[in-house]
Structures are given as structure tokens and as C-alpha cells.
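Asks: Take a look at upload-v4.txt, compact mmCIF, C-alpha atoms and all ligand atoms:
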```txt
# COMPACT_ATOMS: atom_id res chain seq x y z
CA MET A 293 19.67 -12.92 -77.16
CA LYS A 294 19.33 -14.30 -73.63
CA LEU A 295 17.54 -17.61 -73.33
CA PRO A 296 15.18 -18.04 -70.37
CA ASN A 297 16.43 -20.79 -68.07
CA HIS A 298 12.87 -21.93 -67.38
CA ILE A 299 9.88 -21.49 -69.69
CA ALA A 300 6.34 -22.26 -68.48
CA ILE A 301 3.46 -22.53 -70.93
CA ILE A 302 -0.31 -22.55 -70.42
CA LEU A 303 -1.37 -24.64 -73.40
CA ASP A 304 -4.66 -22.93 -74.19
CA GLY A 305 -7.01 -22.64 -77.14
CA ASN A 306 -7.23 -26.18 -78.55
CA GLY A 307 -11.04 -26.16 -78.55
CA ARG A 308 -11.50 -22.72 -80.13
CA TRP A 309 -8.84 -23.45 -82.75
CA ALA A 310 -10.73 -26.60 -83.83
CA LYS A 311 -14.12 -24.85 -83.75
CA ASN A 312 -12.80 -22.14 -86.07
CA LYS A 313 -11.93 -24.86 -88.52
CA GLY A 314 -15.42 -26.39 -88.24
CA MET A 315 -14.00 -29.37 -86.36
CA PRO A 316 -14.87 -30.91 -82.96
CA ARG A 317 -12.92 -29.78 -79.87
CA SER A 318 -11.32 -33.23 -79.67
CA TYR A 319 -9.52 -32.55 -82.96
CA GLY A 320 -7.93 -29.48 -81.34
CA HIS A 321 -6.71 -31.63 -78.46
CA VAL A 322 -5.16 -34.18 -80.83
CA VAL A 323 -3.30 -31.48 -82.79
CA GLY A 324 -2.40 -29.67 -79.55
CA CYS A 325 -0.90 -32.87 -78.19
CA ASP A 326 1.19 -33.42 -81.35
CA ASN A 327 2.34 -29.82 -81.12
CA LEU A 328 3.48 -30.35 -77.55
CA GLU A 329 5.76 -33.18 -78.64
CA LYS A 330 7.15 -31.04 -81.45
CA MET A 331 7.65 -27.90 -79.35
CA CYS A 332 9.22 -29.83 -76.50
CA ASN A 333 11.88 -31.09 -78.95
CA THR A 334 12.37 -27.59 -80.36
CA ILE A 335 12.75 -26.04 -76.91
CA CYS A 336 15.25 -28.73 -75.95
CA GLU A 337 17.26 -28.16 -79.15
CA MET A 338 17.38 -24.43 -78.35
CA GLY A 339 19.13 -25.28 -75.10
CA VAL A 340 16.43 -24.25 -72.61
CA ARG A 341 17.02 -26.21 -69.39
CA TYR A 342 13.54 -26.25 -67.84
CA LEU A 343 10.11 -26.46 -69.46
CA THR A 344 6.83 -26.72 -67.54
CA VAL A 345 3.49 -27.06 -69.32
CA TYR A 346 -0.08 -26.86 -68.03
CA ALA A 347 -2.01 -29.70 -69.61
CA PHE A 348 -4.98 -30.39 -67.30
CA SER A 349 -6.14 -28.33 -64.32
CA THR A 350 -8.00 -29.34 -61.17
CA GLU A 351 -10.89 -27.31 -62.62
CA ASN A 352 -10.91 -29.08 -66.00
CA TRP A 353 -12.99 -31.90 -64.44
CA LYS A 354 -15.93 -29.50 -64.92
CA ARG A 355 -15.91 -30.35 -68.64
CA SER A 356 -18.17 -32.95 -70.28
CA GLN A 357 -17.45 -36.64 -69.63
CA GLU A 358 -16.87 -37.01 -73.34
CA GLU A 359 -14.17 -34.31 -73.50
CA ILE A 360 -12.47 -35.61 -70.34
CA LYS A 361 -12.37 -39.10 -71.86
CA VAL A 362 -10.72 -37.78 -75.03
CA LEU A 363 -8.15 -35.86 -72.98
CA MET A 364 -7.33 -38.82 -70.71
CA ASN A 365 -6.86 -41.09 -73.71
CA LEU A 366 -4.54 -38.54 -75.26
CA PHE A 367 -2.53 -38.33 -72.03
CA ARG A 368 -2.30 -42.14 -72.00
CA ARG A 369 -0.80 -42.08 -75.49
CA TYR A 370 1.35 -39.03 -74.83
CA LEU A 371 2.94 -40.46 -71.68
CA LYS A 372 4.03 -43.55 -73.63
CA ARG A 373 5.37 -41.51 -76.54
CA CYS A 374 7.17 -39.21 -74.14
CA GLU A 375 9.53 -42.05 -73.15
CA ARG A 376 10.97 -41.81 -76.65
CA SER A 377 11.46 -38.02 -76.48
CA ALA A 378 12.94 -38.33 -72.98
CA LYS A 379 15.59 -40.69 -74.29
CA LYS A 380 16.24 -38.65 -77.44
CA ASN A 381 16.49 -35.35 -75.58
CA GLN A 382 18.18 -36.77 -72.47
CA MET A 383 15.37 -35.15 -70.56
CA ARG A 384 14.03 -35.89 -67.11
CA VAL A 385 10.24 -35.84 -66.98
CA LYS A 386 8.19 -35.10 -63.89
CA ILE A 387 4.43 -34.87 -63.56
CA ILE A 388 3.24 -32.15 -61.18
CA GLY A 389 -0.25 -32.08 -59.71
CA ASP A 390 -2.23 -34.66 -57.78
CA PRO A 391 -1.84 -38.04 -59.49
CA GLY A 392 -4.32 -39.54 -57.00
CA GLY A 393 -7.19 -38.09 -59.04
CA LEU A 394 -6.11 -39.90 -62.22
CA GLU A 395 -6.98 -43.44 -63.39
CA PRO A 396 -4.65 -46.16 -62.03
CA ASP A 397 -3.17 -47.03 -65.44
CA ILE A 398 -2.27 -43.36 -66.01
CA GLN A 399 -0.66 -43.25 -62.56
CA ARG A 400 1.38 -46.33 -63.53
CA SER A 401 2.50 -44.72 -66.81
CA ILE A 402 3.55 -41.61 -64.88
CA CYS A 403 5.70 -43.71 -62.53
CA GLU A 404 7.25 -45.56 -65.47
CA LEU A 405 8.08 -42.37 -67.36
CA GLU A 406 9.52 -40.65 -64.27
CA ASP A 407 11.50 -43.75 -63.46
CA MET A 408 13.00 -44.35 -66.91
CA SER A 409 14.02 -40.68 -67.23
CA ARG A 410 15.26 -40.05 -63.69
CA ASP A 411 18.98 -39.95 -64.58
CA TYR A 412 18.71 -37.67 -67.60
CA ASP A 413 19.83 -34.11 -66.97
CA LYS A 414 20.10 -32.21 -70.26
CA MET A 415 16.61 -30.81 -69.83
CA PHE A 416 13.91 -30.97 -67.16
CA PHE A 417 10.34 -31.27 -68.41
CA GLN A 418 7.41 -30.85 -66.02
CA ILE A 419 3.88 -31.70 -67.15
CA ALA A 420 1.07 -30.33 -64.96
CA LEU A 421 -1.72 -32.93 -64.89
CA ASN A 422 -4.64 -32.61 -62.50
CA TYR A 423 -2.71 -29.59 -61.27
CA GLY A 424 -4.00 -26.56 -59.39
CA GLY A 425 -1.78 -23.94 -57.73
CA ARG A 426 -4.04 -23.72 -54.69
CA ASP A 427 -4.28 -27.50 -54.45
CA GLU A 428 -0.47 -27.76 -54.61
CA ILE A 429 -0.10 -25.18 -51.80
CA LEU A 430 -2.68 -26.95 -49.63
CA ARG A 431 -1.04 -30.34 -50.17
CA ALA A 432 2.34 -28.78 -49.30
CA VAL A 433 0.96 -27.14 -46.13
CA THR A 434 -0.67 -30.41 -45.04
CA ARG A 435 2.61 -32.35 -45.38
CA LEU A 436 4.59 -29.54 -43.76
CA ALA A 437 2.22 -29.46 -40.78
CA GLU A 438 2.52 -33.23 -40.38
CA ASP A 439 6.35 -33.06 -40.49
CA ALA A 440 6.29 -30.17 -38.00
CA ARG A 441 4.17 -32.28 -35.62
CA GLN A 442 6.83 -34.99 -35.85
CA GLY A 443 9.61 -32.46 -35.18
CA LYS A 444 11.12 -32.80 -38.67
CA VAL A 445 10.89 -29.08 -39.51
CA PRO A 446 12.95 -26.34 -37.77
CA GLU A 447 10.82 -24.51 -35.19
CA GLY A 448 9.66 -20.92 -35.73
CA LYS A 449 8.88 -19.12 -38.96
CA VAL A 450 8.82 -21.36 -42.04
CA SER A 451 11.41 -20.16 -44.58
CA GLU A 452 10.74 -19.80 -48.31
CA GLU A 453 13.30 -22.55 -48.93
CA THR A 454 11.53 -24.96 -46.59
CA PHE A 455 8.12 -24.21 -48.10
CA ASP A 456 9.54 -24.57 -51.63
CA SER A 457 10.83 -28.02 -50.78
CA TYR A 458 7.25 -29.20 -50.06
CA LEU A 459 5.89 -28.08 -53.43
CA ASP A 460 5.53 -30.39 -56.45
CA THR A 461 8.24 -28.27 -58.08
CA ALA A 462 10.80 -28.82 -55.29
CA GLY A 463 14.33 -28.40 -56.65
CA ILE A 464 13.13 -26.71 -59.84
CA PRO A 465 13.97 -23.00 -60.26
CA ASP A 466 11.04 -20.59 -60.71
CA PRO A 467 9.99 -19.89 -64.32
CA ASP A 468 11.64 -16.90 -66.03
CA LEU A 469 9.05 -16.65 -68.78
CA LEU A 470 5.37 -17.65 -68.74
CA ILE A 471 3.60 -17.94 -72.08
CA ARG A 472 -0.19 -18.24 -72.38
CA THR A 473 -1.60 -18.90 -75.82
CA SER A 474 -5.03 -18.05 -77.22
CA GLY A 475 -5.77 -14.60 -75.84
CA GLU A 476 -6.77 -15.18 -72.23
CA GLN A 477 -4.78 -13.08 -69.78
CA ARG A 478 -5.10 -14.97 -66.52
CA LEU A 479 -3.27 -17.70 -64.62
CA SER A 480 -6.19 -20.12 -64.23
CA ASN A 481 -4.59 -21.49 -61.04
CA PHE A 482 -1.15 -22.23 -62.54
CA LEU A 483 2.03 -22.09 -60.38
CA LEU A 484 0.66 -19.42 -58.04
CA TRP A 485 3.69 -19.43 -55.73
CA GLN A 486 6.39 -19.97 -58.38
CA LEU A 487 5.36 -17.16 -60.75
CA ALA A 488 6.00 -14.36 -58.21
CA TYR A 489 8.72 -12.70 -60.36
CA THR A 490 8.15 -14.37 -63.73
CA GLU A 491 7.78 -12.32 -66.94
CA PHE A 492 4.38 -12.89 -68.62
CA TYR A 493 3.79 -13.12 -72.36
CA PHE A 494 0.26 -13.42 -73.74
CA THR A 495 -0.44 -14.15 -77.38
CA ASP A 496 -3.65 -14.54 -79.39
CA VAL A 497 -2.16 -17.49 -81.28
CA PRO A 498 -3.92 -20.70 -80.16
CA TRP A 499 -1.76 -23.56 -78.88
CA PRO A 500 -2.11 -25.87 -81.94
CA ALA A 501 -0.74 -23.03 -84.14
CA PHE A 502 2.03 -21.95 -81.76
CA ASP A 503 5.30 -22.77 -83.49
CA LYS A 504 9.03 -22.04 -83.38
CA LYS A 505 8.51 -18.59 -84.91
CA GLU A 506 5.94 -17.64 -82.26
CA LEU A 507 8.28 -18.92 -79.56
CA ALA A 508 11.10 -16.78 -80.95
CA LYS A 509 8.78 -13.73 -80.69
CA ALA A 510 8.07 -14.54 -77.04
CA ILE A 511 11.78 -14.85 -76.26
CA GLU A 512 12.47 -11.59 -78.08
CA LYS A 513 9.87 -9.81 -75.92
CA TYR A 514 11.36 -11.45 -72.83
CA ASN A 515 14.72 -9.93 -73.76
CA GLU A 516 13.18 -6.45 -73.75
CA ARG A 517 12.05 -6.81 -70.13
CA ASP A 518 13.88 -5.19 -67.26
CA ARG A 519 13.77 -7.56 -64.32
CA ARG A 520 14.22 -5.56 -61.13
CA TYR A 521 12.85 -7.90 -58.45
CA GLY A 522 11.76 -4.88 -56.42
CA GLY A 523 15.12 -3.16 -56.56
CA VAL A 524 16.33 -0.13 -58.51
CA LYS A 525 18.85 -0.54 -61.32
CA GLY A 526 22.31 0.66 -60.36
CA GLN A 527 21.54 0.71 -56.64
CA LYS A 528 23.14 -1.85 -54.37
CA PRO A 529 21.19 -3.01 -51.29
CA GLU A 530 22.56 -1.43 -48.08
CA GLU A 531 24.35 -3.81 -45.79
CA GLY A 532 21.90 -5.06 -43.15
CA ALA A 533 19.02 -3.00 -44.58
CA SER A 534 15.49 -4.01 -43.58
CA CYS A 535 12.03 -2.50 -43.40
CA LEU A 536 12.54 -1.47 -39.78
C1 LIG B 1 -6.36 -26.25 -73.66
O1 LIG B 1 -7.32 -25.94 -74.61
C2 LIG B 1 -6.37 -27.69 -73.23
C3 LIG B 1 -6.93 -27.93 -71.89
C4 LIG B 1 -7.32 -27.04 -71.04
C5 LIG B 1 -7.06 -29.31 -71.48
P1 LIG B 1 -8.84 -25.69 -74.21
O2 LIG B 1 -9.53 -27.01 -74.20
O3 LIG B 1 -8.96 -24.91 -72.97
O4 LIG B 1 -9.33 -24.86 -75.45
P2 LIG B 1 -10.25 -23.56 -75.42
O5 LIG B 1 -9.59 -22.60 -74.48
O6 LIG B 1 -11.60 -23.99 -74.93
O7 LIG B 1 -10.27 -23.08 -76.82
C1 LIG B 2 -6.10 -23.49 -68.28
O1 LIG B 2 -6.93 -23.41 -69.37
C2 LIG B 2 -5.76 -24.92 -68.00
C3 LIG B 2 -4.93 -25.59 -69.00
C4 LIG B 2 -4.47 -25.04 -70.08
C5 LIG B 2 -4.63 -26.94 -68.72
P1 LIG B 2 -8.52 -23.35 -69.23
O2 LIG B 2 -9.05 -23.27 -70.62
O3 LIG B 2 -8.99 -24.47 -68.39
O4 LIG B 2 -8.71 -22.01 -68.43
P2 LIG B 2 -9.96 -21.02 -68.33
O5 LIG B 2 -11.17 -21.83 -68.02
O6 LIG B 2 -10.08 -20.33 -69.65
O7 LIG B 2 -9.58 -20.07 -67.25
MG MG B 3 -9.10 -22.95 -72.53
```
I need this file expressed as C-alpha cells, please.

Replies:
Amino acid sequence: MKLPNHIAIILDGNGRWAKNKGMPRSYGHVVGCDNLEKMCNTICEMGVRYLTVYAFSTENWKRSQEEIKVLMNLFRRYLKRCERSAKKNQMRVKIIGDPGGLEPDIQRSICELEDMSRDYDKMFFQIALNYGGRDEILRAVTRLAEDARQGKVPEGKVSEETFDSYLDTAGIPDPDLLIRTSGEQRLSNFLLWQLAYTEFYFTDVPWPAFDKKELAKAIEKYNERDRRYGGVKGQKPEEGASCL
């Protein structure tokens, strides 16, 4: 069984899972948050090098003030607890997204967590908070344009490598496997550039119930995929071939 080098997960379905149990949505978020800690450890123990999770989107501000407050308080607690997992798993943690939109104390916790874990290299854990794929691309383009004005970018066509280096995920390889829990089959603005050749796996299981067994199923399906990247199996690209 081949292990994906980078797994990305859209953590979806906390609210519906709780509702089905006759509980408030906030209960789903609490259990979902505990499950993230557990699954992050599991994924690290399996030997996966990169894990990126979608925890709060730039569109999630449309939710009620009450739900946003619950989520922000959970992130506060989670970011503190994550220092322990980072140490235990020798894992570097990075928050992707626009931290500017978050409360100052959360921004401070993010800096502390990134700082304390910066030398760990067994696993690389990215948490998308106040993240939107379009927002990330626009922030990257804005910085790139500014650097170009100052002559810091090679003239002419911008290369994929240069553009990559302006994204929040700079230096992180693209995901091999994307998992979305809870039945929805859409990206909801997650990693729009990075998922170009990623394998997608959708499951009806809601995030709070997604466990090691469900993960094993996803990896099994991933192993059945034939990744061609636009080529044809058995054919070698012609030397100097192009579309012209
Ligand atoms: C995922 O669960 C957590 C966040 C988006 C913050 P949801 O809150 O989206 O749960 P459902 O999809 O409404 O069930
Ligand atoms: C995507 O889930 C965002 C996160 C999981 C953080 P949503 O629940 O916000 O997505 P939609 O609204 O169903 O597309
Ligand atoms: Mg949802």
C-alpha cells in the first residue's frame, strides 16, 4: 500500500452530525476538534509527511455570531493544545489563510505555535484558518506585483515556481489525496491552485465520526487510482515536444 505524501482534508459535517444526535451544532464542533487532535496523531504515526486541514473558510464569517464565537474559542484552545502534539510528533505547524482577520490573541497564539515548532521536521501540519483559495491567490498576486515593481522578480512570464513561492503553502508539495467528509462534493474555495492534480475522495461519514478505519478506506481507494498527469501510461514524452 502506497502512502500519500500529502493528505488534505476538508473537515465537514460537524453541525449535521450533532443535529442528528439532537445536540446543538457547537457540540459537533467540540467533538470535531477533539477528533482533529486524534487523527493528526494517527496520521503522523502512519508516517504521512504532510497534512493540511480546512478548519475555517473566508466564507464561514457568514455564520451566526454565536457559532463564530464558539469556533474561535475552540481554535484558541486547540492552538494551545497543538503545542503539545507538535512536540510529541516532532511536527512543524503552519497556519495558512489571512491571520489579519482573526482576533489579536489568536494571531499571537499562531505566532507562538509556529515559532515553537519551526525546527521540527518529522511531519508538516498546515491548518487553514480564515482561508480562501481565491483570497490566497489574490494576496499572492498583490505581493508578486509589488515585488515586480521593485525589480525583485525576473522579467517576463511568471513561472509556476515563482507563483508557488508567493502562496501561503510555499515550499509545501501539492496534496496527493484530498478527503472531504460528510457528503458534499465540492471544494468550497480550498487550495484552488494546489489541487490541480490531486486525487479526490468523498465520503458520507461526517468529520466527528471519521476515524482510522475510514482513513484506511480512503488510502485504499487512493491506491486504486491511476495518476497520469495528462500523459499516457507507457509513453515517454518526446524530446523537445510542445504544442506547436
Ligand atoms: C465543519 O462543519 C466545520 C466548519 C466549517 C467550521 P460544519 O460546521 O460545516 O458542519 P455542517 O456541514 O453544517 O454539518
Ligand atoms: C468548508 O465547509 C469549509 C470548512 C470545512 C472549513 P463549509 O461547510 O463551510 O462549506 P459549504 O458551505 O458546505 O460549501
Ligand atoms: Mg459544512

Asks: Name all residues at most 8 Å from stretch 465-467 of chain A (count only C-alpha atoms; drop same-chain ones fewer than 4 positions away) and give them as an MDAnalysis selection string.

Replies: chainID A and resid 297:300 486:487 490

Asks: Between A:Glu530, A:Asp496, A:Asp413, A:Asp397, which is the closest to A:Lys372 once you count only C-alpha atoms?

Replies: A:Asp397

Asks: Neighbours of ligand LIG 1 (chain B) within 6 Å, counting all atoms listed in the file, as a list in words?

Replies: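 Listing the residues within 6 Å of ligand LIG 1 (chain B) gives Leu303, Asp304, Gly305, Asn306, Gly307, Arg308, Ala347 and Phe348 of chain A.
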
Asks: Can you work out which residues are within 12 Å of ligand LIG 2 (chain B), considering all atoms listed in the file, and then hand them over as JSON, numbers by chain?

Replies: {"A": [300, 301, 302, 303, 304, 305, 306, 307, 308, 317, 321, 324, 325, 344, 345, 346, 347, 348, 349, 350, 351, 352, 353, 354, 355, 360, 363, 389, 419, 420, 421, 422, 423, 424, 425, 471, 472, 473, 474, 475, 476, 477, 478, 479, 480, 481, 482, 483, 498, 499]}

Asks: Nearest to A:Met293: which of A:Glu329, A:Glu447, A:Glu512, A:Asp518 is it, counting all atoms listed in the file?

Replies: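 With all atoms listed in the file as the atom set, the closest residue is A:Glu512.
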
Asks: Could you list, as a ChimeraX atom specification, every residue within 12 Å of A:Lys330, counting only C-alpha atoms and ignoring same-chain residues fewer than 5 positions away?

Replies: /A:323-325,335-337,370,373-374,377,381,499-504

Asks: Measure the distance from atom CA of A:Tyr514 to atom CA of A:Asn327 in Å and round it to one decimal.

Replies: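 Distance reported for this atom pair: 22.1 Å.
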
Asks: Distance atom CA of A:Arg519-atom CA of A:Lys449, one decimal place?

Replies: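 Atom CA of A:Lys449 lies 28.3 Å from atom CA of A:Arg519.
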
Asks: Hey, can you check how far atom CA of A:Glu395 sits from atom CA of A:Gln418?

Replies: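 So the two atoms, atom CA of A:Glu395 and atom CA of A:Gln418, lie 19.3 Å apart.
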
Asks: So which residues touch A:Ala437 within 12 Å, counting all atoms listed in the file, skipping near sequence neighbours fewer than 4 positions away, as a PyMOL selection string?

Replies: chain A and resi 430-433+441-447+450+454-455+458

Asks: Taking (7.9, -7.6, -71.6) in the file's coordinates, which residues come within 12 Å, counting only C-alpha atoms, written as a PyMOL selection string?

Replies: chain A and resi 468-471+490-494+509-519

Asks: Once 3 Å is added on each side, what centre and edge lengths in Å to one decimal does the axis-aligned box around all listed atoms of stretch 413-418 of chain A have, as JSON?

Replies:
```
{"center_x": 13.8, "center_y": -32.5, "center_z": -68.1, "size_x": 18.7, "size_y": 9.3, "size_z": 10.2}
```

Asks: Which residues are near A:Ser409? Cut-off 12 Å, all atoms listed in the file, ignore same chain within fewer than 4 positions. Put them as an mmCIF file with C-alpha atoms, keeping the file's coordinate frame.

Replies:
```cif
data_model
loop_
_atom_site.group_PDB
_atom_site.id
_atom_site.type_symbol
_atom_site.label_atom_id
_atom_site.label_comp_id
_atom_site.auth_asym_id
_atom_site.auth_seq_id
_atom_site.Cartn_x
_atom_site.Cartn_y
_atom_site.Cartn_z
ATOM 1 C CA LEU A 371 2.940 -40.460 -71.680
ATOM 2 C CA CYS A 374 7.170 -39.210 -74.140
ATOM 3 C CA GLU A 375 9.530 -42.050 -73.150
ATOM 4 C CA ARG A 376 10.970 -41.810 -76.650
ATOM 5 C CA SER A 377 11.460 -38.020 -76.480
ATOM 6 C CA ALA A 378 12.940 -38.330 -72.980
ATOM 7 C CA LYS A 379 15.590 -40.690 -74.290
ATOM 8 C CA LYS A 380 16.240 -38.650 -77.440
ATOM 9 C CA ASN A 381 16.490 -35.350 -75.580
ATOM 10 C CA GLN A 382 18.180 -36.770 -72.470
ATOM 11 C CA MET A 383 15.370 -35.150 -70.560
ATOM 12 C CA ARG A 384 14.030 -35.890 -67.110
ATOM 13 C CA VAL A 385 10.240 -35.840 -66.980
ATOM 14 C CA LYS A 386 8.190 -35.100 -63.890
ATOM 15 C CA ILE A 387 4.430 -34.870 -63.560
ATOM 16 C CA ILE A 402 3.550 -41.610 -64.880
ATOM 17 C CA CYS A 403 5.700 -43.710 -62.530
ATOM 18 C CA GLU A 404 7.250 -45.560 -65.470
ATOM 19 C CA LEU A 405 8.080 -42.370 -67.360
ATOM 20 C CA ASP A 413 19.830 -34.110 -66.970
ATOM 21 C CA LYS A 414 20.100 -32.210 -70.260
ATOM 22 C CA MET A 415 16.610 -30.810 -69.830
ATOM 23 C CA PHE A 416 13.910 -30.970 -67.160
ATOM 24 C CA PHE A 417 10.340 -31.270 -68.410
ATOM 25 C CA GLN A 418 7.410 -30.850 -66.020
#
```

Asks: Of the candidates A:Lys311, A:Leu343, A:Glu428, A:Lys505, which one gets nearest to A:Ile464 if we count all atoms listed in the file?

Replies: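 Among A:Lys311, A:Leu343, A:Glu428, A:Lys505, it is A:Leu343 that comes nearest to A:Ile464.
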
Asks: Taking all atoms listed in the file into account, which of A:Leu366, A:Ile429, A:Ala310, A:Ala533 comes nearest ligand MG 3 (chain B)?

Replies: A:Ala310
